[in-house]
Protein chains: 2
Amino acid sequence: MLVYTMTTPRLTQASAPLTQELTVLDEFGAQRRITVPAERALTVFVDNRELVTLMTLGAAPELLVLGYLRNQRLVESAADIESVTVDWDVDAAAVKTRAGIERFDEKTAKRVVTTGCGQGTVFGDLMSELDTLRLPPATEASARLAQTRLYGLLNAMRLQESTYKSSGSVHGCALFRQDELLMFVEDVGRHNAIDTIAGWMWLNGVHGADKIFYTTGRLTSEMVIKSAQMGVPIIVSRSGITQMGYDVARKLGLCLFGRASNRHFICYCGFERFDAQPEARPDTPRHPGSPE
Amino acid sequence: MLVYTMTTPRLTQASAPLTQELTVLDEFGAQRRITVPAERALTVFVDNRELVTLMTLGAAPELLVLGYLRNQRLVESAADIESVTVDWDVDAAAVKTRAGIERFDEKTAKRVVTTGCGQGTVFGDLMSELDTLRLPPATEASARLAQTRLYGLLNAMRLQESTYKSSGSVHGCALFRQDELLMFVEDVGRHNAIDTIAGWMWLNGVHGADKIFYTTGRLTSEMVIKSAQMGVPIIVSRSGITQMGYDVARKLGLCLFGRASNRHFICYCGFERFDAQPEARPDTPRHPGSPE
């Protein structure tokens, strides 16, 4: 069933099975059944022209395509898209725009292969639009994060059911308002995951100024830029950071937390958005078996 | 100092600092200094035409560029390349071929954005050349792996000094002959790491039939295909697998080990290349503190 209005793209709902069972051999010489994540090739056509092939888990392919078009800056508004039709029989997503994409060839001429897991390609000049990105000031309470809220966010992620828990090998990404979980998605590539969230925000007119991104992946330049493009001033990662991710975040005024799980984290930059409520240091070394 | 022969490409040796120090804030409210991996944009020009921009740690950029050209199947032989000149002042690698690249536009027209961390782009049709790949038969002793040798390999990786150990956020990749470590490299993207090893093999005329790949990254379709392109029949990963990685490996007859560390692993497929020497199952649950 497709819903159509003048301004919202029509989308299919072609999610596909997310896992598959295999028989494997372990170190005890025993065969056992395990579950692994699916991985599908999805070739995106825009107005009948082939754009790219994405390798995806397939959880929300229409939102992925929307967010991809947005984060590649190929389309300016979700309202410019008439429909996204995903058909797994031919592993294709057909995007129909209302008025075509201006300068399509020029926009897709440059290739930057980035660090990221997954959708690690940015068309055009990665850095060229950085100066146009504006994030809310750190004085806005909704664009700051207190340590207890960070713990709440990490706890919400810990409780989230996931393909990762059942089969590993996927990256998760979530959108929060403080410690309130708004959306969670997984993909075989973390850039797909963040693009899917971007597609969801775009489709629903959700703004980023009071939001926080959570990712299981590393804080690379591309992740930081995508977050900034969506107007999200704070990112929390279970993983670490790279130099360029740090440099770009500093330039744009993002606050980055990494190595974040349980009650541990590092705040790499954007300290002015962080309301620290420091933990007491343990006076004595922990005894084996004591809770963390 | 450049060495030049008629058949070997001339290479600069433009490795760059691999880490940078930052001041961060931790959960105790304390500022401390940490080390993070570098991440650099390297734009590759082939005969003065821009091909791609790779985001890299910068450990062995010339080998990375060589391996990238090989794994993208843009150049057939290292001897076709006259020189690779990397200049970090302009973040560029200039490749000069001896006779140009045939059908350059056609070969670079298709984009597949793959799952991988890092250099997740393959030009051309990802699957189209699978049928041409031939791996050594599983009856060859050198194309098999025994469980004790697998443990030896994992132990060699454990002892390897690395940027990962000092700063995290990078992927490592290594080439082994049984449990003998031949080459190890790290990069911010694991596809860069495997491409760098491919470049090293190509430059030195090292064949893959009796080799084993180790990667810290996931066993995705692209990793499996790259390994097969280099003729390497066995891959060992610290991480898990995706469905397409599994499907391609089965089709090509690769043996895949994942979740491999210490004395634990899963053999996903290619059991016929694996000489199991099963561990005794522990009779009783381990006591806290007992060695693994």
# chains A, B, ... in the order shown; residues from 1 in each chain; ligands from 1
>>> select_by_dssp(residues="segment 25-173 of chain B", states="strand (DSSP E or B)", output="JSON, numbers by chain")
{"B": [25, 26, 31, 32, 33, 34, 35, 36, 37, 40, 41, 42, 43, 44, 45, 46, 49, 50, 51, 52, 53, 54, 55, 56, 81, 82, 83, 84, 85, 86, 87, 92, 93, 94, 95, 96, 97, 111, 112, 113, 117, 121, 122, 123, 145, 146, 171, 172, 173]}
>>> residues_around(residues="segment 157-168 of chain A", least_positions_apart="2", cutoff="8 Å", atoms="only C-alpha atoms", output="list in words")
Leu18, Thr19, Ile34, Thr35, Val36, Pro37, Leu153, Leu154, Asn155, Val170, His171, Gly172 and Glu186 of chain A; Gly240 and Ile241 of chain B
>>> select_by_dssp(residues="segment 127-209 of chain A", states="alpha helix (DSSP H)", output="PyMOL selection string")
chain A and resi 147-159+163-167+190-204
>>> write_last_selection(atoms="N, CA and C atoms", output="mmCIF file, in the first residue's frame")
data_model
loop_
_atom_site.group_PDB
_atom_site.id
_atom_site.type_symbol
_atom_site.label_atom_id
_atom_site.label_comp_id
_atom_site.auth_asym_id
_atom_site.auth_seq_id
_atom_site.Cartn_x
_atom_site.Cartn_y
_atom_site.Cartn_z
ATOM 1 N N GLN A 147 26.727 14.261 31.737
ATOM 2 C CA GLN A 147 27.316 12.928 31.892
ATOM 3 C C GLN A 147 26.263 11.874 32.242
ATOM 4 N N THR A 148 25.294 12.239 33.101
ATOM 5 C CA THR A 148 24.259 11.265 33.464
ATOM 6 C C THR A 148 23.376 10.909 32.261
ATOM 7 N N ARG A 149 23.110 11.914 31.400
ATOM 8 C CA ARG A 149 22.330 11.640 30.181
ATOM 9 C C ARG A 149 23.126 10.752 29.230
ATOM 10 N N LEU A 150 24.420 10.976 29.153
ATOM 11 C CA LEU A 150 25.272 10.111 28.330
ATOM 12 C C LEU A 150 25.171 8.671 28.831
ATOM 13 N N TYR A 151 25.202 8.488 30.143
ATOM 14 C CA TYR A 151 25.051 7.140 30.692
ATOM 15 C C TYR A 151 23.680 6.563 30.339
ATOM 16 N N GLY A 152 22.654 7.405 30.375
ATOM 17 C CA GLY A 152 21.305 6.943 30.012
ATOM 18 C C GLY A 152 21.244 6.492 28.565
ATOM 19 N N LEU A 153 21.885 7.263 27.699
ATOM 20 C CA LEU A 153 21.950 6.922 26.274
ATOM 21 C C LEU A 153 22.664 5.580 26.092
ATOM 22 N N LEU A 154 23.795 5.412 26.755
ATOM 23 C CA LEU A 154 24.558 4.163 26.598
ATOM 24 C C LEU A 154 23.768 2.973 27.133
ATOM 25 N N ASN A 155 23.001 3.221 28.186
ATOM 26 C CA ASN A 155 22.180 2.137 28.729
ATOM 27 C C ASN A 155 21.055 1.762 27.767
ATOM 28 N N ALA A 156 20.462 2.770 27.119
ATOM 29 C CA ALA A 156 19.414 2.492 26.118
ATOM 30 C C ALA A 156 19.979 1.653 24.973
ATOM 31 N N MET A 157 21.199 1.947 24.558
ATOM 32 C CA MET A 157 21.814 1.160 23.489
ATOM 33 C C MET A 157 22.079 -0.270 23.954
ATOM 34 N N ARG A 158 22.483 -0.401 25.210
ATOM 35 C CA ARG A 158 22.775 -1.731 25.751
ATOM 36 C C ARG A 158 21.530 -2.615 25.735
ATOM 37 N N LEU A 159 20.360 -1.985 25.949
ATOM 38 C CA LEU A 159 19.113 -2.750 26.032
ATOM 39 C C LEU A 159 18.491 -3.009 24.664
ATOM 40 N N THR A 163 20.359 -7.141 15.414
ATOM 41 C CA THR A 163 20.957 -8.167 14.575
ATOM 42 C C THR A 163 22.381 -8.455 15.034
ATOM 43 N N TYR A 164 23.070 -7.390 15.507
ATOM 44 C CA TYR A 164 24.437 -7.571 15.990
ATOM 45 C C TYR A 164 24.480 -8.617 17.089
ATOM 46 N N LYS A 165 23.508 -8.510 18.017
ATOM 47 C CA LYS A 165 23.512 -9.461 19.127
ATOM 48 C C LYS A 165 23.283 -10.881 18.640
ATOM 49 N N SER A 166 22.475 -11.022 17.584
ATOM 50 C CA SER A 166 22.205 -12.394 17.124
ATOM 51 C C SER A 166 23.252 -12.893 16.140
ATOM 52 N N SER A 167 23.888 -12.006 15.402
ATOM 53 C CA SER A 167 24.771 -12.523 14.363
ATOM 54 C C SER A 167 26.067 -11.752 14.159
ATOM 55 N N ARG A 190 28.511 0.988 8.280
ATOM 56 C CA ARG A 190 27.973 1.999 9.204
ATOM 57 C C ARG A 190 27.523 3.245 8.456
ATOM 58 N N HIS A 191 28.101 3.487 7.250
ATOM 59 C CA HIS A 191 27.646 4.654 6.491
ATOM 60 C C HIS A 191 26.238 4.440 5.967
ATOM 61 N N ASN A 192 25.918 3.214 5.640
ATOM 62 C CA ASN A 192 24.528 2.909 5.305
ATOM 63 C C ASN A 192 23.623 3.202 6.485
ATOM 64 N N ALA A 193 24.064 2.836 7.676
ATOM 65 C CA ALA A 193 23.226 3.041 8.860
ATOM 66 C C ALA A 193 22.971 4.537 9.074
ATOM 67 N N ILE A 194 24.018 5.338 9.005
ATOM 68 C CA ILE A 194 23.821 6.778 9.231
ATOM 69 C C ILE A 194 22.996 7.377 8.089
ATOM 70 N N ASP A 195 23.191 6.903 6.875
ATOM 71 C CA ASP A 195 22.396 7.421 5.756
ATOM 72 C C ASP A 195 20.914 7.061 5.914
ATOM 73 N N THR A 196 20.644 5.888 6.447
ATOM 74 C CA THR A 196 19.256 5.483 6.662
ATOM 75 C C THR A 196 18.579 6.411 7.672
ATOM 76 N N ILE A 197 19.309 6.753 8.718
ATOM 77 C CA ILE A 197 18.756 7.703 9.692
ATOM 78 C C ILE A 197 18.555 9.075 9.051
ATOM 79 N N ALA A 198 19.506 9.478 8.227
ATOM 80 C CA ALA A 198 19.357 10.752 7.505
ATOM 81 C C ALA A 198 18.104 10.728 6.633
ATOM 82 N N GLY A 199 17.858 9.600 5.982
ATOM 83 C CA GLY A 199 16.667 9.470 5.151
ATOM 84 C C GLY A 199 15.391 9.578 5.967
ATOM 85 N N TRP A 200 15.404 8.963 7.134
ATOM 86 C CA TRP A 200 14.246 9.016 8.027
ATOM 87 C C TRP A 200 13.991 10.445 8.507
ATOM 88 N N MET A 201 15.068 11.139 8.882
ATOM 89 C CA MET A 201 14.935 12.535 9.343
ATOM 90 C C MET A 201 14.402 13.419 8.213
ATOM 91 N N TRP A 202 14.931 13.200 7.042
ATOM 92 C CA TRP A 202 14.581 13.998 5.868
ATOM 93 C C TRP A 202 13.104 13.808 5.531
ATOM 94 N N LEU A 203 12.707 12.541 5.517
ATOM 95 C CA LEU A 203 11.331 12.199 5.162
ATOM 96 C C LEU A 203 10.342 12.798 6.156
ATOM 97 N N ASN A 204 10.727 12.797 7.421
ATOM 98 C CA ASN A 204 9.804 13.216 8.470
ATOM 99 C C ASN A 204 10.028 14.651 8.946
#
>>> residues_around(residues="Asp26 of chain A", least_positions_apart="6", cutoff="7 Å", atoms="only C-alpha atoms", output="VMD selection string")
chain B and resid 265 to 267
>>> residues_around(residues="Ala280 of chain A", least_positions_apart="2", cutoff="8 Å", atoms="only C-alpha atoms", output="list in words")
Pro278 and Pro282 of chain A; Phe28 of chain B
>>> write_last_selection(atoms="C-alpha atoms", output="short mmCIF file (atom, residue, chain, number, x, y, z; two decimals), in the first residue's frame")
data_model
loop_
_atom_site.label_atom_id
_atom_site.label_comp_id
_atom_site.auth_asym_id
_atom_site.auth_seq_id
_atom_site.Cartn_x
_atom_site.Cartn_y
_atom_site.Cartn_z
CA PRO A 278 32.95 13.34 37.17
CA PRO A 282 38.22 4.11 42.69
CA PHE B 28 36.73 11.16 35.91
#
>>> residues_around(residues="segment 220-231 of chain B", least_positions_apart="3", cutoff="8 Å", atoms="only C-alpha atoms", output="list in words")
Asn71, Thr114, Thr115, Gly116, Gly120, Leu130, Leu133, Arg134, Leu135, Pro136, His191, Ile194, Ala198, His207, Gly208, Ala209, Phe213, Ile235, Ile241, Thr242, Gln243, Met244, Gly245, Tyr246, Asp247, Val248, Ala249, Leu252 and Leu254 of chain B
>>> atom_distance(atom1="atom CA of Met183 of chain B", atom2="atom CA of Arg218 of chain A")
25.3 Å
>>> atom_distance(atom1="atom CA of Ile234 of chain A", atom2="atom CA of Arg144 of chain A")
7.7 Å
>>> closest_residue(among="B:Leu182, B:Leu25, B:Ala138, B:Ala41", to="chain A", atoms="only C-alpha atoms")
B:Leu25
>>> closest_residue(among="A:Thr12, A:Gln178, A:Ser261, A:Thr97", to="chain B", atoms="only C-alpha atoms")
A:Ser261
>>> residues_around(residues="Val236 of chain A", least_positions_apart="5", cutoff="7 Å", atoms="only C-alpha atoms", output="PyMOL selection string")
chain A and resi 213-215+256-258+260
>>> write_last_selection(atoms="N, CA and C atoms", output="CSV table (one decimal), in the first residue's frame")
chain,number,residue,atom,x,y,z
A,213,PHE,N,23.8,11.7,17.8
A,213,PHE,CA,24.0,10.5,17.1
A,213,PHE,C,24.8,9.5,17.9
A,214,TYR,N,24.4,8.2,17.8
A,214,TYR,CA,25.2,7.1,18.4
A,214,TYR,C,25.6,6.2,17.3
A,215,THR,N,26.9,5.8,17.2
A,215,THR,CA,27.3,4.9,16.2
A,215,THR,C,28.3,3.9,16.9
A,256,LEU,N,32.5,15.2,20.4
A,256,LEU,CA,32.7,13.8,20.1
A,256,LEU,C,33.0,13.0,21.4
A,257,PHE,N,32.3,11.9,21.6
A,257,PHE,CA,32.6,11.0,22.6
A,257,PHE,C,32.9,9.6,22.0
A,258,GLY,N,34.0,9.0,22.4
A,258,GLY,CA,34.4,7.7,21.9
A,258,GLY,C,34.7,6.7,23.0
A,260,ALA,N,32.9,4.6,24.2
A,260,ALA,CA,31.8,4.8,25.2
A,260,ALA,C,31.0,3.6,25.4
>>> atom_distance(atom1="atom CA of Asp187 of chain A", atom2="atom CA of Gly58 of chain A")
7.4 Å
